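These notes are about the structure you will find just below.
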Amino acid sequence: PDPASRSSIPTRQSCQFLAAMARSSAHLVVLVFLASLLQLQASCPAGQGYPSATSPVCAICAEGTWSAEGATECSRCPPGTWSSERGALDAGACIKCPTGMWSSQEGSPTPASCQSCPPGRWGGTEGLSQCTACSPGTWANQSGATSSAVCTECGSGKWSPQGAAQFASSCMDCAPGTWSSEIGASAQESCTPCSPGTWSSVSGAADKSTCTSCEAGTFQPAAGQANQSVC
């Protein structure tokens, strides 16, 4: 044969090369298939997840949990919510506790986890994980309150530094020798001392008129005096 025809005939080496390429391509196809299979096994359908890291078998999400497509774990409903639905597909299945209630529990399967806000606190929105405390200078003895309107201010002549107070007794009287017309006071500094030359033995005085002047011919130079004997 002429040289041109000999060049078109595959040599032994070229046949071996082509065979090796074919084997490599087959291996590549197998590897791609196995990778795809592992990827499928590493995720679950919506509403399912692995029971644990050591048990990679998809199972239906329990009450109080949910799972989106492709997840491997069921996510818990956040505090302030609950769900009795099995196999929930998204967080929309988690129902919020109503106003005036709260829950600190994650993954709750029942509305029983929602508790009324205790006295001294209130909850103005749904889905709360904690209730808001009444401010210092106020108190409330009602449970399940839905607004700050439940918080009653300490009256004039009184003050309270305590937040979330539950009783009117948390409001303390201004001391004798002082007075305050402020409502809802949160600090003792709200109680104004009687002026020098006056005194008052009244606790919880609400106005300056309780400060009595020293009798004629007597005087005392200090403010906030509680009895006449200082004159």
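We label chains A, B, ... in the order they appear in the structure tokens, count residues from 1 in each chain, and number ligands from 1 in the order shown.
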Can you pull out the residues contacting segment 55-69 of chain A? Cut-off 7 Å, using only C-alpha atoms, and skip same-chain residues under 6 positions away; I want them as a list in words.
Cys44, Pro45, Ala46, Gly47, Gln48, Gly49, Ser75, Arg76, Cys77, Trp82, Ser83, Ser84, Glu85, Arg86, Gly87, Ala88, Leu89, Asp90, Ala91, Gly107, Ser108 and Pro109 of chain A
Work out how far apart atom CA of Gln166 of chain A and atom CA of Trp139 of chain A are and give it in Å to one decimal.
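Separation between atom CA of Gln166 of chain A and atom CA of Trp139 of chain A: 5.3 Å.
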Find the spatial neighbours of Trp102 of chain A, counting only C-alpha atoms, within a cut-off of 12 Å - ignore same-chain residues fewer than 3 positions away - and output them as a ChimeraX atom specification.
/A:78-82,96-99,105-106,111-118,121-132,143-146
Option closest in space to Ile95 of chain A, from A:Thr110, A:Val150, A:Thr218, A:Ser195 [counting only C-alpha atoms]:
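When distances to Ile95 of chain A are compared using only C-alpha atoms, the smallest one comes from A:Thr110.
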Taking the backbone alone, and naming residues the way the document does, which bits of chain A are strand (DSSP E or B) by DSSP, as JSON, numbers by chain?
{"A": [48, 49, 52, 55, 59, 60, 65, 66, 75, 76, 81, 82, 88, 95, 96, 101, 102, 115, 116, 121, 122, 132, 133, 138, 139, 152, 153, 158, 159, 172, 173, 178, 179, 192, 193, 198, 199, 212, 213]}
Would you mind exporting the chosen residues as a compact mmCIF listing (two decimals), in the first residue's frame, restricted to N, CA, C and O atoms?
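Listing of part-v2.txt after writing:
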```
# COMPACT_ATOMS: atom_id res chain seq x y z
N GLN A 48 -40.66 16.82 54.92
CA GLN A 48 -39.93 15.68 55.47
C GLN A 48 -38.51 16.10 55.83
O GLN A 48 -38.00 17.11 55.37
N GLY A 49 -37.85 15.29 56.66
CA GLY A 49 -36.48 15.53 57.06
C GLY A 49 -35.92 14.32 57.76
O GLY A 49 -36.63 13.37 58.06
N SER A 52 -32.51 12.21 62.55
CA SER A 52 -31.27 12.57 63.24
C SER A 52 -30.13 12.50 62.23
O SER A 52 -30.28 11.98 61.12
N SER A 55 -29.34 9.05 61.17
CA SER A 55 -30.42 8.31 60.52
C SER A 55 -30.87 9.06 59.27
O SER A 55 -31.92 9.71 59.27
N ALA A 59 -38.22 11.29 56.84
CA ALA A 59 -39.43 10.96 57.59
C ALA A 59 -40.31 12.21 57.66
O ALA A 59 -39.82 13.33 57.57
N ILE A 60 -41.60 12.01 57.81
CA ILE A 60 -42.54 13.14 57.86
C ILE A 60 -42.25 14.01 59.09
O ILE A 60 -42.05 13.50 60.19
N THR A 65 -43.20 21.35 63.67
CA THR A 65 -42.05 21.52 62.78
C THR A 65 -42.52 21.60 61.33
O THR A 65 -43.66 21.29 61.01
N TRP A 66 -41.58 21.98 60.43
CA TRP A 66 -41.88 22.09 59.01
C TRP A 66 -40.59 21.95 58.21
O TRP A 66 -39.50 22.04 58.77
N SER A 75 -37.48 22.11 60.54
CA SER A 75 -37.28 23.31 61.36
C SER A 75 -38.41 23.44 62.37
O SER A 75 -39.57 23.15 62.07
N ARG A 76 -38.07 23.91 63.58
CA ARG A 76 -39.07 24.08 64.62
C ARG A 76 -39.83 25.39 64.44
O ARG A 76 -39.25 26.40 64.03
N THR A 81 -45.37 30.63 68.72
CA THR A 81 -46.21 29.97 67.73
C THR A 81 -46.36 28.49 68.07
O THR A 81 -45.65 27.96 68.92
N TRP A 82 -47.26 27.81 67.33
CA TRP A 82 -47.48 26.37 67.50
C TRP A 82 -48.07 25.81 66.21
O TRP A 82 -48.56 26.56 65.36
N ALA A 88 -45.75 19.61 57.61
CA ALA A 88 -45.95 21.00 57.16
C ALA A 88 -44.85 21.40 56.19
O ALA A 88 -43.68 21.02 56.34
N ILE A 95 -48.85 28.68 63.82
CA ILE A 95 -49.91 29.62 64.20
C ILE A 95 -49.45 30.47 65.38
O ILE A 95 -48.94 29.95 66.37
N LYS A 96 -49.65 31.78 65.28
CA LYS A 96 -49.19 32.70 66.33
C LYS A 96 -50.12 32.65 67.54
O LYS A 96 -51.34 32.53 67.40
N MET A 101 -51.13 37.01 75.02
CA MET A 101 -50.54 35.71 75.37
C MET A 101 -49.12 35.64 74.84
O MET A 101 -48.71 36.42 73.98
N TRP A 102 -48.36 34.64 75.33
CA TRP A 102 -46.98 34.47 74.90
C TRP A 102 -46.56 33.02 75.06
O TRP A 102 -47.23 32.24 75.74
N GLN A 115 -49.47 31.10 76.88
CA GLN A 115 -49.90 31.47 78.22
C GLN A 115 -50.32 32.95 78.26
O GLN A 115 -49.79 33.77 77.52
N SER A 116 -51.25 33.25 79.15
CA SER A 116 -51.67 34.64 79.31
C SER A 116 -50.52 35.46 79.89
O SER A 116 -49.75 34.99 80.72
N ARG A 121 -47.78 42.88 83.18
CA ARG A 121 -47.28 42.82 81.80
C ARG A 121 -48.45 42.80 80.82
O ARG A 121 -49.57 42.50 81.20
N TRP A 122 -48.16 43.07 79.55
CA TRP A 122 -49.19 43.09 78.51
C TRP A 122 -48.59 42.69 77.18
O TRP A 122 -47.38 42.75 76.97
N THR A 132 -44.62 42.55 77.42
CA THR A 132 -44.01 43.83 77.77
C THR A 132 -44.36 44.21 79.21
O THR A 132 -45.52 44.12 79.61
N ALA A 133 -43.34 44.65 79.95
CA ALA A 133 -43.55 45.02 81.36
C ALA A 133 -44.18 46.40 81.46
O ALA A 133 -43.86 47.31 80.67
N THR A 138 -45.94 52.55 87.50
CA THR A 138 -47.27 52.00 87.19
C THR A 138 -47.37 50.58 87.74
O THR A 138 -46.37 49.98 88.13
N TRP A 139 -48.57 50.03 87.71
CA TRP A 139 -48.81 48.67 88.16
C TRP A 139 -50.06 48.13 87.48
O TRP A 139 -50.87 48.88 86.94
N THR A 152 -51.78 50.97 85.52
CA THR A 152 -52.31 52.11 86.28
C THR A 152 -51.17 52.91 86.90
O THR A 152 -50.28 52.34 87.53
N GLU A 153 -51.21 54.21 86.72
CA GLU A 153 -50.15 55.06 87.25
C GLU A 153 -50.27 55.23 88.76
O GLU A 153 -51.38 55.29 89.31
N LYS A 158 -46.94 59.70 95.47
CA LYS A 158 -46.39 58.34 95.49
C LYS A 158 -45.39 58.15 94.36
O LYS A 158 -45.36 58.91 93.39
N TRP A 159 -44.57 57.09 94.44
CA TRP A 159 -43.61 56.77 93.39
C TRP A 159 -43.25 55.29 93.46
O TRP A 159 -43.45 54.64 94.48
N MET A 172 -44.93 53.72 96.57
CA MET A 172 -44.54 54.14 97.92
C MET A 172 -44.85 55.61 98.15
O MET A 172 -44.79 56.43 97.22
N ASP A 173 -45.19 55.94 99.39
CA ASP A 173 -45.50 57.32 99.75
C ASP A 173 -44.25 58.20 99.75
O ASP A 173 -43.15 57.74 100.12
N THR A 178 -41.96 66.03 102.60
CA THR A 178 -41.89 66.17 101.13
C THR A 178 -43.29 66.03 100.55
O THR A 178 -44.23 65.59 101.22
N TRP A 179 -43.42 66.36 99.26
CA TRP A 179 -44.71 66.26 98.58
C TRP A 179 -44.47 66.10 97.07
O TRP A 179 -43.38 66.41 96.56
N THR A 192 -40.80 66.56 96.35
CA THR A 192 -40.16 67.86 96.60
C THR A 192 -40.11 68.16 98.10
O THR A 192 -41.15 68.08 98.77
N PRO A 193 -38.96 68.53 98.64
CA PRO A 193 -38.89 68.85 100.07
C PRO A 193 -39.66 70.13 100.39
O PRO A 193 -39.71 71.06 99.59
N THR A 198 -40.54 75.66 107.05
CA THR A 198 -41.81 74.89 107.06
C THR A 198 -41.52 73.44 107.43
O THR A 198 -40.37 72.99 107.43
N TRP A 199 -42.57 72.69 107.69
CA TRP A 199 -42.46 71.27 108.04
C TRP A 199 -43.76 70.57 107.68
O TRP A 199 -44.81 71.19 107.47
N THR A 212 -46.36 73.16 106.58
CA THR A 212 -46.85 74.15 107.55
C THR A 212 -45.70 75.07 107.99
O THR A 212 -44.61 74.59 108.31
N SER A 213 -45.97 76.36 108.03
CA SER A 213 -44.94 77.32 108.45
C SER A 213 -44.67 77.21 109.94
O SER A 213 -45.57 76.89 110.74
```
Skipping near chain neighbours, those fewer than 3 positions away, what residues fall within 12 Å of Gly224 of chain A using only C-alpha atoms, listed as a PyMOL selection string?
chain A and resi 174-179+191-202+208+210-212+220-221+227-228+230
Could you go through segment 31-195 of chain A and tell me which residues DSSP, when run on the backbone, assigns to alpha helix (DSSP H), listing them as a ChimeraX atom specification?
/A:31-41
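Considering the residues A:Thr54, A:Ser135, A:Ser147, A:Ser186 and counting only C-alpha atoms, Gly100 of chain A has its shortest atom-to-atom contact with A:Ser147.
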Would you mind telling me which residue in A:Ala226, A:Cys171, A:Ala149, A:Cys231 lies nearest to Cys214 of chain A when using only C-alpha atoms?
A:Cys231
A straight line from atom CA of Glu73 of chain A to atom CA of Pro51 of chain A spans 7.5 Å
Point out the residue among A:Ala185, A:Asn141, A:Ala216, A:Ser148 with the least atom-to-atom distance to Ala165 of chain A, counting only C-alpha atoms.
A:Asn141
